[in-house]
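Listing of input-v6.txt; format and content: compact mmCIF, C-alpha atoms.
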```
# COMPACT_ATOMS: atom_id res chain seq x y z
CA MET A 1471 -3.62 -10.67 23.05
CA GLY A 1472 -6.79 -12.53 22.01
CA ILE A 1473 -8.68 -10.16 19.69
CA ALA A 1474 -7.89 -6.63 18.56
CA ILE A 1475 -9.95 -4.03 20.42
CA THR A 1476 -11.13 -2.32 17.21
CA LEU A 1477 -12.31 -5.65 15.81
CA ALA A 1478 -14.05 -6.75 19.02
CA GLN A 1479 -15.92 -3.44 19.29
CA TYR A 1480 -16.97 -3.63 15.65
CA LEU A 1481 -18.39 -7.14 16.09
CA VAL A 1482 -20.17 -6.30 19.35
CA ASN A 1483 -21.61 -3.05 17.96
CA GLY A 1484 -22.85 -4.96 14.91
CA GLY A 1485 -24.56 -7.59 17.06
CA ILE A 1486 -22.40 -10.34 15.58
CA GLU A 1487 -21.95 -13.50 17.61
CA PHE A 1488 -18.40 -14.82 17.47
CA GLU A 1489 -16.01 -17.13 19.22
CA LEU A 1490 -12.24 -17.20 19.46
CA VAL A 1491 -10.46 -20.31 18.29
CA PRO A 1492 -7.01 -20.43 19.90
CA HIS A 1493 -4.23 -22.24 18.06
CA PRO A 1494 -0.44 -22.61 18.17
CA HIS A 1495 1.45 -19.62 16.78
CA ALA A 1496 1.14 -19.45 12.98
CA GLN A 1497 2.48 -16.79 10.60
CA THR A 1498 0.06 -17.23 7.67
CA ALA A 1499 -3.67 -17.72 7.23
CA SER A 1500 -3.15 -21.18 5.73
CA ALA A 1501 -0.90 -22.15 8.66
CA SER A 1502 -3.56 -20.83 11.07
CA ALA A 1503 -6.14 -23.01 9.29
CA ALA A 1504 -3.94 -26.08 9.67
CA ALA A 1505 -3.13 -25.29 13.31
CA SER A 1506 -6.84 -24.81 14.06
CA GLN A 1507 -7.87 -27.87 12.06
CA VAL A 1508 -10.36 -25.92 9.95
CA PRO A 1509 -10.58 -26.05 6.15
CA ALA A 1510 -8.39 -23.43 4.47
CA GLU A 1511 -11.27 -22.50 2.16
CA SER A 1512 -13.22 -21.41 5.29
CA VAL A 1513 -10.44 -19.11 6.51
CA ALA A 1514 -10.81 -15.58 5.15
CA LYS A 1515 -7.39 -14.02 4.73
CA ALA A 1516 -6.94 -10.32 4.28
CA VAL A 1517 -4.55 -8.69 1.82
CA VAL A 1518 -4.01 -4.95 2.16
CA LEU A 1519 -3.88 -3.22 -1.21
CA LYS A 1520 -2.85 0.27 -2.25
CA GLY A 1521 -3.95 2.12 -5.33
CA GLY A 1522 -4.91 5.50 -6.71
CA SER A 1523 -7.87 5.80 -4.35
CA GLY A 1524 -5.90 4.82 -1.24
CA PHE A 1525 -5.88 1.58 0.70
CA MET A 1526 -8.40 -1.24 0.59
CA LEU A 1527 -8.67 -4.85 1.69
CA ALA A 1528 -9.05 -7.93 -0.50
CA VAL A 1529 -10.63 -10.84 1.39
CA LEU A 1530 -10.18 -14.33 0.00
CA PRO A 1531 -9.90 -17.93 1.18
CA ALA A 1532 -6.55 -18.97 2.65
CA SER A 1533 -6.51 -21.73 0.02
CA ARG A 1534 -6.34 -19.20 -2.84
CA HIS A 1535 -4.25 -16.32 -4.15
CA ILE A 1536 -5.21 -13.06 -5.85
CA GLN A 1537 -5.40 -12.91 -9.63
CA PHE A 1538 -4.21 -9.30 -9.97
CA ASP A 1539 -5.28 -8.93 -13.61
CA GLU A 1540 -8.85 -9.87 -12.69
CA LEU A 1541 -8.80 -7.69 -9.56
CA ARG A 1542 -7.58 -4.66 -11.53
CA ARG A 1543 -10.25 -5.27 -14.18
CA LEU A 1544 -13.01 -5.41 -11.54
CA LEU A 1545 -11.77 -2.31 -9.73
CA GLY A 1546 -11.00 -0.36 -12.88
CA ASN A 1547 -7.66 0.86 -11.57
CA GLU A 1548 -4.15 -0.20 -10.66
CA VAL A 1549 -3.63 -1.81 -7.26
CA ASP A 1550 -0.73 -3.55 -5.63
CA ILE A 1551 0.07 -5.05 -2.25
CA ALA A 1552 0.78 -2.48 0.47
CA ASN A 1553 4.13 -2.69 2.20
CA GLU A 1554 4.54 -3.84 5.79
CA GLU A 1555 4.99 -0.33 7.22
CA GLN A 1556 1.79 0.88 5.55
CA VAL A 1557 -0.15 -2.11 6.88
CA GLU A 1558 1.10 -1.51 10.42
CA THR A 1559 -0.11 2.11 10.37
CA LEU A 1560 -3.61 0.98 9.32
CA PHE A 1561 -3.91 -1.86 11.85
CA ILE A 1562 -2.22 -0.36 14.91
CA ASP A 1563 -3.88 -2.72 17.40
CA CYS A 1564 -2.85 -5.86 15.48
CA GLU A 1565 0.38 -7.80 15.40
CA PRO A 1566 2.29 -7.40 12.11
CA GLY A 1567 0.90 -9.82 9.54
CA ALA A 1568 -2.28 -10.64 11.51
CA VAL A 1569 -4.75 -8.44 9.63
CA PRO A 1570 -8.45 -9.15 10.31
CA ALA A 1571 -10.66 -9.67 7.25
CA LEU A 1572 -13.06 -6.91 8.35
CA GLY A 1573 -11.65 -3.84 6.67
CA ALA A 1574 -14.78 -1.81 7.47
CA ALA A 1575 -13.83 -1.99 11.16
CA TYR A 1576 -10.71 -0.02 10.22
CA GLY A 1577 -12.38 2.35 7.74
CA LEU A 1578 -11.22 0.50 4.63
CA LYS A 1579 -13.15 -0.44 1.53
CA VAL A 1580 -13.28 -4.18 0.91
CA ILE A 1581 -13.52 -6.50 -2.06
CA VAL A 1582 -14.42 -10.08 -1.14
CA ASP A 1583 -14.01 -13.14 -3.31
CA ASP A 1584 -17.34 -14.78 -4.10
CA SER A 1585 -16.06 -18.21 -3.09
CA LEU A 1586 -16.33 -17.21 0.59
CA THR A 1587 -20.08 -16.63 0.37
CA ARG A 1588 -20.72 -20.36 0.04
CA GLN A 1589 -19.06 -21.32 3.32
CA PRO A 1590 -21.30 -22.26 6.28
CA ASP A 1591 -18.64 -21.02 8.73
CA ILE A 1592 -15.92 -18.42 8.35
CA TYR A 1593 -12.73 -17.95 10.35
CA PHE A 1594 -10.35 -14.98 10.19
CA GLU A 1595 -7.38 -13.52 12.02
CA GLY A 1596 -8.27 -11.80 15.27
CA GLY A 1597 -5.29 -9.46 15.24
CA ASP A 1598 -2.65 -11.83 16.58
CA HIS A 1599 -1.01 -15.05 15.40
CA THR A 1600 -2.62 -17.37 17.96
CA ASN A 1601 -6.39 -16.84 17.54
CA LEU A 1602 -8.92 -17.09 14.77
CA VAL A 1603 -12.35 -15.48 15.02
CA HIS A 1604 -15.21 -17.80 14.07
CA VAL A 1605 -18.53 -16.47 12.76
CA SER A 1606 -21.37 -18.13 10.90
CA GLY A 1607 -21.47 -17.82 7.14
CA LEU A 1608 -24.65 -15.72 7.46
CA SER A 1609 -22.93 -13.35 9.90
CA PHE A 1610 -19.99 -13.04 7.53
CA GLN A 1611 -22.35 -12.18 4.68
CA LYS A 1612 -23.90 -9.50 6.88
CA LEU A 1613 -20.43 -8.15 7.69
CA MET A 1614 -19.57 -8.06 3.98
CA ALA A 1615 -22.87 -6.54 2.81
CA GLU A 1616 -21.23 -3.21 1.91
CA ALA A 1617 -18.17 -4.82 0.32
CA ARG A 1618 -17.64 -5.25 -3.40
CA HIS A 1619 -17.93 -8.85 -4.50
CA GLY A 1620 -16.29 -10.67 -7.37
CA ARG A 1621 -14.14 -13.55 -8.53
CA VAL A 1622 -10.57 -12.39 -7.89
CA THR A 1623 -8.72 -15.57 -6.98
CA GLY A 1624 -7.08 -18.70 -8.30
CA LEU A 1625 -6.09 -21.88 -6.49
CA ILE A 1626 -2.71 -22.01 -4.76
```

Show me this structure written as structure tokens.
Amino acid sequence: MGIAITLAQYLVNGGIEFELVPHPHAQTASASAAASQVPAESVAKAVVLKGGSGFMLAVLPASRHIQFDELRRLLGNEVDIANEEQVETLFIDCEPGAVPALGAAYGLKVIVDDSLTRQPDIYFEGGDHTNLVHVSGLSFQKLMAEARHGRVTGLI
């Protein structure tokens, strides 16, 4: 598959330079990091959330997990993880479980963990389980300019 069409168009339309990093099939962001031999703290994983205002995406390093109490405090409302069927309807051009970290490409609001802003390079799922998308840290910051930012994670 390579890269999801929606994601590729979003990156090209935004003038973002990127490269695909192929790797052996991996089911999770942390496994993709290991398979690609990139640091897990540089891999931005996406978690689809549902709440009173609809769906949104939390973006955090593959080396971390969401602290839901902190996330709910920052957002000011209840959120939980969306179920698999809901995720598949939002990301129709992606393989199940291979959600790209760029929610704006799919019309979703995003909250990004501040720890990602310090990375010189960022990698994220391209829409399948065999490719990561690599962008510079500056490009990632540009892509996340409209996102909410905050500290919403703890170490795994």

What are the closest atom pairs, with distances in Å to one decimal, for all residues of stretch 1527-1553 of chain A lying within 10 Å of stretch 1502-1510 of chain A? Consider only C-alpha atoms, order rows by chain and residue number, and present the result as a Markdown table.
```
| residue | atom | partner | partner_atom | distance |
| --- | --- | --- | --- | --- |
| A:Pro1531 | CA | A:Ala1510 | CA | 6.6 |
| A:Ala1532 | CA | A:Ala1510 | CA | 5.2 |
| A:Ser1533 | CA | A:Ala1510 | CA | 5.1 |
| A:Arg1534 | CA | A:Ala1510 | CA | 8.7 |
```

For A:Val1603, the nearest of the candidates A:Ala1571, A:Leu1519, A:Ala1552, A:Met1526, counting only C-alpha atoms =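 Under the stated criterion, the closest residue is A:Ala1571.
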
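Neighbours of A:Leu1541 closer than or equal to 12 Å, with all atoms listed in the file counted and sequence neighbours fewer than 4 positions away skipped, come out as Leu1519, Gly1521, Leu1527, Ala1528, Val1529, Leu1530, His1535, Ile1536, Gln1537, Leu1545, Gly1546, Asn1547, Glu1548, Val1549, Asp1550, Ile1551, Val1580, Ile1581, Val1582, Asp1583, Arg1618, His1619, Gly1620, Arg1621, Val1622, Thr1623 and Gly1624 of chain A.
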
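Taking atom CA of A:Val1569 as the reference point, atom CA of A:Asn1553 is found at 12.9 Å.
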
message = Rounded to one decimal, what separation in Å do you get between atom CA of A:Leu1586 and atom CA of A:Ala1574?
response =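 So the two atoms, atom CA of A:Leu1586 and atom CA of A:Ala1574, lie 16.9 Å apart.
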
task = Mind checking which residues fall within 10 Å of A:Leu1578, counting only C-alpha atoms, ignoring those fewer than 5 positions away in the same chain, and posting them as a list in words?
result = Val1518, Gly1524, Phe1525, Met1526, Leu1527, Leu1560, Leu1572, Gly1573 and Ala1617 of chain A

Selection file, C-alpha atoms, as a PDB file, in the frame of the given file:
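Below you can see part.pdb, which holds the result:
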```
ATOM      1  CA  VAL A1518      -4.010  -4.950   2.160  1.00  0.00           C
ATOM      2  CA  GLY A1524      -5.900   4.820  -1.240  1.00  0.00           C
ATOM      3  CA  PHE A1525      -5.880   1.580   0.700  1.00  0.00           C
ATOM      4  CA  MET A1526      -8.400  -1.240   0.590  1.00  0.00           C
ATOM      5  CA  LEU A1527      -8.670  -4.850   1.690  1.00  0.00           C
ATOM      6  CA  LEU A1560      -3.610   0.980   9.320  1.00  0.00           C
ATOM      7  CA  LEU A1572     -13.060  -6.910   8.350  1.00  0.00           C
ATOM      8  CA  GLY A1573     -11.650  -3.840   6.670  1.00  0.00           C
ATOM      9  CA  ALA A1617     -18.170  -4.820   0.320  1.00  0.00           C
TER      10      ALA A1617
END
```

Sorted by chain and rising residue number, list the residues of stretch 1471-1492 of chain A at most 12 Å from stretch 1564-1568 of chain A (counting all atoms listed in the file), each with its closest atom pair and distance in Å to one decimal, as a Markdown table.
```
| residue | atom | partner | partner_atom | distance |
| --- | --- | --- | --- | --- |
| A:Met1471 | CA | A:Cys1564 | CA | 9.0 |
| A:Gly1472 | CA | A:Cys1564 | CA | 10.1 |
| A:Ile1473 | CA | A:Cys1564 | CA | 8.4 |
| A:Ala1474 | CA | A:Cys1564 | CA | 6.0 |
| A:Ile1475 | CA | A:Cys1564 | CA | 8.8 |
| A:Thr1476 | CA | A:Cys1564 | CA | 9.2 |
| A:Leu1477 | CA | A:Cys1564 | CA | 9.5 |
| A:Ala1478 | CA | A:Cys1564 | CA | 11.8 |
```

message = Please report the interatomic distance between atom CA of A:Gln1589 and atom CA of A:Asp1563 in Å with one decimal.
response = 27.8 Å

query = Closest to A:Glu1558 among A:Ser1523, A:Thr1600, A:Glu1511, A:Tyr1576, using all atoms listed in the file?
reply =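 Answer, going by the shortest atom-to-atom distance: A:Tyr1576.
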
Please define a box with edges along x, y and z of the file around all atoms of stretch 1530-1547 of chain A given in the file, extend it by 3 Å on each side, and return its centre and edge lengths in Å to one decimal, as lines of an AutoDock Vina configuration file.
```
center_x = -8.6
center_y = -10.4
center_z = -5.8
size_x = 14.8
size_y = 28.6
size_z = 22.8
```

query = Residues around (-22.8, -19.4, 2.2), cut-off 12 Å, counting only C-alpha atoms - what are they as a VMD selection string?
reply = chain A and resid 1511 to 1512 1584 to 1592 1605 to 1612 1614

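Neighbouring residues of A:Pro1570 at 8 Å or closer, counting all atoms listed in the file and skipping chain neighbours under 5 positions away, are Leu1477, Lys1515, Ala1516, Phe1594, Glu1595, Gly1596 and Gly1597 of chain A.
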
ask   = Hey, which of A:Asp1598, A:Glu1540, A:Glu1555, A:Glu1616 ends up closest to A:Ala1496? Count all atoms listed in the file.
value =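 When distances to A:Ala1496 are compared using all atoms listed in the file, the smallest one comes from A:Asp1598.
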